[in-house]
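For reference, the structure discussed in these notes is given below.
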Protein chains: 2
Amino acid sequence: MPTIARELADLAALIADPGRALILSRLMDGRAQTAGELALVAGVTPQTASWHLGRLVQHALLKVERRGPRRLYRLATPLVAQILEGMMTVAVTGPLGSRPPARIDAAMRRARTCYDHLAGELGVALADALRERDYLVLDQEVGELTEVGTAFLGSFGLDLRPSARHRRVLCRPCLDWSERRPHLAGRAGAALAELAFQRDWIRRRPQGRSVEITDTGLDAFRSLFGVRI
Amino acid sequence: MPTIARELADLAALIADPGRALILSRLMDGRAQTAGELALVAGVTPQTASWHLGRLVQHALLKVERRGPRRLYRLATPLVAQILEGMMTVAVTGPLGSRPPARIDAAMRRARTCYDHLAGELGVALADALRERDYLVLDQEVGELTEVGTAFLGSFGLDLRPSARHRRVLCRPCLDWSERRPHLAGRAGAALAELAFQRDWIRRRPQGRSVEITDTGLDAFRSLFGVRI
DNA sequence: GCAACGTTTCGATCAGGATCGAAACGTTCA
DNA sequence: TGAACGTTTCGATCCTGATCGAAACGTTGC
């Protein structure tokens, strides 16, 4: 009877080291980083980081790709990001009565990417706004884009019509760990985030996965989507 | 920037101990167990188990309830079960090339409960059968009961009409870690599992969360649902 | 109130793994 | 080919946390 519990414990042990958790958290935007950069993120020497990265690759949480003399590490699959995000939600719910928002980084709470879509106050406010206009139906477990919603997003050039070609689901809720309410994920969430980057409404910060909302972005989110933020 | 990663690491450390993982795994059927029973499950002395249980309660993974001289422990919320289930999926995907099914307990793989619904070969086959008859649409991220499906399940006395009263979602996919394909969760999955217990199609085994499929159960699943198992 | 039982607290011990210095490896570029 | 750089391997050290014996605690039932 033990085996699956053992696998669970082994996986958890892999995430349980503060340095490795920092590395995983850093890679949750889906981008790749070199071993040296990740050593800085984890706050350890390169040789220690190498040991950690080796373990993460060996257990298939990360995959590595050689780019010249350096090695680029990234999350092995989107599923890994999704599980880590879920764990963060549980982690923050934490000790009863909760002490959560206080200890959370302000920039991360404001706006960040969650693998390929938007999260944080911005992500949740965007989902709320779309819902208020009846573009979207979304609760903690399921989500659906309405016809007017599809048309509305289509007016920005996003093709979100259901299609057999795409294996990926159109619209899915993703529980936001900092806001504790769902934001928009799936193909629709990813397309919206991509649009925001392209129009310079948001910009990636040099490190970390928090993003900066530009002035034009703030205007756009408010006037075009009715976001209250 | 570090804080959320730190929370993640702390949570993972909590699950990373083999004994605690066994305890959590044991409680994933949603039922409560006494401290003494859980000590046996974890394979440690009562005082060690007490130390583990204390940590799990302190970090809000478990909640405890006093029943006379003994204390009953159970998972704090369904979200905890959901996350653990997700972690198991990632854990089993594990090392490239995979060595998964071999090390997994046969009874668990055959049929088990996943908090409140059915999982394992039985759970996945049931979802497949419902899908083949166009009662259900289900992929890895979203699920929906069709009108004929709602009517079909209604003929067993299950009231699965959408309702504002129920906060809980009707139908949701849950990735099965042993089969690596989605099975049916949400209100519909829970109702179906309850039906199966009531009609004695399946029985809980004394310990663990695997279930036994009775002879009448096997007949019922095959003839009534078209399950190939 | 006392005895019995399940459970927790305390204290000491022990082990696994994270860490870094030193050195080797492998790739790129001159 | 040799030098420079990023990265990994090796070896030794150190520290956190899991473990159990012993004892205390709290509840129930007589």
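Letters A, B, ... go to the chains of the structure tokens in the order shown; residues in each chain start at 1; ligands are counted from 1 in the same order.
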
Inset, instruction - Using DSSP on the backbone coordinates, identify the residues of region 28-136 of chain B assigned to helix (DSSP H, G or I); present them as number ranges by chain. - result: B: 35-42, 46-58, 78-93, 100-103, 106-110, 120-132

Can you build me a table of chain B residues sitting at most 8 Å from chain D, with the closest atom pair per residue and its distance in Å to one decimal, using only C-alpha atoms (C1' of nucleotides), sorted by chain and residue number, as CSV?
residue,atom,partner,partner_atom,distance
B:Thr45,CA,D:DC20,C1',7.6
B:Thr48,CA,D:DT19,C1',6.9
B:Gly68,CA,D:DT27,C1',6.4
B:Pro69,CA,D:DT27,C1',4.8

For the contact check between chain A and chain B, emit one row per residue of chain A within 7 Å, containing the shortest atom pair and the distance in Å rounded to one decimal, counting only C-alpha atoms, chain then rising number order, as a Markdown table.
| residue | atom | partner | partner_atom | distance |
| --- | --- | --- | --- | --- |
| A:Met1 | CA | B:Asp105 | CA | 5.6 |
| A:Pro2 | CA | B:Leu22 | CA | 6.9 |
| A:Thr3 | CA | B:Ile104 | CA | 5.8 |
| A:Ile4 | CA | B:Ile104 | CA | 6.1 |
| A:Ala5 | CA | B:Leu22 | CA | 5.3 |
| A:Arg6 | CA | B:Pro18 | CA | 6.0 |
| A:Glu7 | CA | B:Ala91 | CA | 5.7 |
| A:Leu8 | CA | B:Met88 | CA | 5.6 |
| A:Ala9 | CA | B:Ala16 | CA | 4.2 |
| A:Asp10 | CA | B:Ala16 | CA | 6.3 |
| A:Leu11 | CA | B:Ala91 | CA | 5.6 |
| A:Ala12 | CA | B:Ala16 | CA | 4.6 |
| A:Ala13 | CA | B:Ala16 | CA | 4.5 |
| A:Ile15 | CA | B:Ala12 | CA | 5.8 |
| A:Ala16 | CA | B:Ala9 | CA | 4.2 |
| A:Asp17 | CA | B:Ala9 | CA | 5.8 |
| A:Pro18 | CA | B:Ala9 | CA | 5.5 |
| A:Ala21 | CA | B:Ala5 | CA | 5.4 |
| A:Leu22 | CA | B:Ala5 | CA | 5.3 |
| A:Ser25 | CA | B:Ala5 | CA | 6.0 |
| A:Gln58 | CA | B:Pro95 | CA | 6.0 |
| A:His59 | CA | B:Pro95 | CA | 4.7 |
| A:Ala60 | CA | B:Pro95 | CA | 5.2 |
| A:Val80 | CA | B:Val90 | CA | 6.8 |
| A:Ile83 | CA | B:Gly86 | CA | 6.2 |
| A:Gly86 | CA | B:Ile83 | CA | 6.2 |
| A:Met87 | CA | B:Ile83 | CA | 6.4 |
| A:Met88 | CA | B:Leu8 | CA | 5.6 |
| A:Val90 | CA | B:Val80 | CA | 6.8 |
| A:Ala91 | CA | B:Leu11 | CA | 5.7 |
| A:Val92 | CA | B:Glu7 | CA | 6.8 |
| A:Gly94 | CA | B:His59 | CA | 5.5 |
| A:Pro95 | CA | B:His59 | CA | 4.7 |
| A:Leu96 | CA | B:Ala60 | CA | 6.1 |
| A:Arg103 | CA | B:Thr3 | CA | 6.3 |
| A:Ile104 | CA | B:Thr3 | CA | 5.8 |
| A:Asp105 | CA | B:Met1 | CA | 5.6 |
| A:Glu141 | CA | B:Val169 | CA | 6.3 |
| A:Val142 | CA | B:Val142 | CA | 6.8 |
| A:Val169 | CA | B:Glu141 | CA | 6.3 |

Inset, instruction - Per DSSP on the backbone, filter region 32-85 of chain B down to the residues in strand (DSSP E) and report them as a PyMOL selection string. - result: chain B and resi 33-34+62-67+70-75

Store the residues picked out above in a file with C-alpha atoms, as a PDB file, in the first residue's frame.
ATOM      1  CA  GLN B  33      -9.133   8.379  11.761  1.00  0.00           C
ATOM      2  CA  THR B  34      -7.849   8.275  15.324  1.00  0.00           C
ATOM      3  CA  LEU B  62      -5.654  18.538   8.963  1.00  0.00           C
ATOM      4  CA  LYS B  63      -8.334  19.375  11.452  1.00  0.00           C
ATOM      5  CA  VAL B  64      -8.896  17.515  14.676  1.00  0.00           C
ATOM      6  CA  GLU B  65     -12.015  16.763  16.626  1.00  0.00           C
ATOM      7  CA  ARG B  66     -12.164  15.231  20.096  1.00  0.00           C
ATOM      8  CA  ARG B  67     -14.395  12.201  20.418  1.00  0.00           C
ATOM      9  CA  ARG B  70      -9.621   9.816  21.453  1.00  0.00           C
ATOM     10  CA  ARG B  71      -8.982  12.377  18.749  1.00  0.00           C
ATOM     11  CA  LEU B  72     -10.190  12.100  15.198  1.00  0.00           C
ATOM     12  CA  TYR B  73      -8.136  13.608  12.393  1.00  0.00           C
ATOM     13  CA  ARG B  74      -9.347  14.443   8.893  1.00  0.00           C
ATOM     14  CA  LEU B  75      -8.276  16.609   5.977  1.00  0.00           C
TER      15      LEU B  75
END

Closest atom pairs, residues of chain B within 8 Å of chain C, only C-alpha atoms (C1' of nucleotides), as CSV:
residue,atom,partner,partner_atom,distance
B:Ala35,CA,C:DT7,C1',7.7
B:Gly36,CA,C:DG6,C1',7.7
B:Pro46,CA,C:DT7,C1',7.8
B:Gln47,CA,C:DT8,C1',7.1
B:Ser50,CA,C:DT8,C1',6.8
B:Pro69,CA,C:DG6,C1',6.2
B:Arg70,CA,C:DG6,C1',5.8

Inset, instruction - Calculate how many Å separate CA of Arg203 (chain B) from CA of Leu224 (chain B), rounding to one decimal. - result: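 CA of Leu224 (chain B) lies 18.5 Å from CA of Arg203 (chain B).
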
Quick one: everything within 7 Å of Gly149 (chain B), counting only C-alpha atoms (C1' of nucleotides), minus sequence neighbours fewer than 4 positions away in the same chain. Send it as a PDB file with N, CA, C and O atoms, in the first residue's frame.
ATOM      1  N   TYR B 135     -23.147  11.125 -22.960  1.00  0.00           N
ATOM      2  CA  TYR B 135     -23.734  11.635 -21.732  1.00  0.00           C
ATOM      3  C   TYR B 135     -22.847  12.727 -21.133  1.00  0.00           C
ATOM      4  O   TYR B 135     -23.255  13.478 -20.260  1.00  0.00           O
ATOM      5  N   LEU B 136     -21.617  12.743 -21.607  1.00  0.00           N
ATOM      6  CA  LEU B 136     -20.604  13.531 -20.932  1.00  0.00           C
ATOM      7  C   LEU B 136     -19.573  14.032 -21.939  1.00  0.00           C
ATOM      8  O   LEU B 136     -19.213  13.330 -22.876  1.00  0.00           O
ATOM      9  N   LEU B 145     -21.887  17.849 -18.434  1.00  0.00           N
ATOM     10  CA  LEU B 145     -22.890  16.806 -18.554  1.00  0.00           C
ATOM     11  C   LEU B 145     -23.871  17.235 -19.644  1.00  0.00           C
ATOM     12  O   LEU B 145     -24.349  18.361 -19.637  1.00  0.00           O
ATOM     13  N   LEU B 153     -28.699   9.973 -15.669  1.00  0.00           N
ATOM     14  CA  LEU B 153     -28.345   9.875 -14.249  1.00  0.00           C
ATOM     15  C   LEU B 153     -29.562  10.167 -13.377  1.00  0.00           C
ATOM     16  O   LEU B 153     -29.692   9.619 -12.283  1.00  0.00           O
TER      17      LEU B 153
END
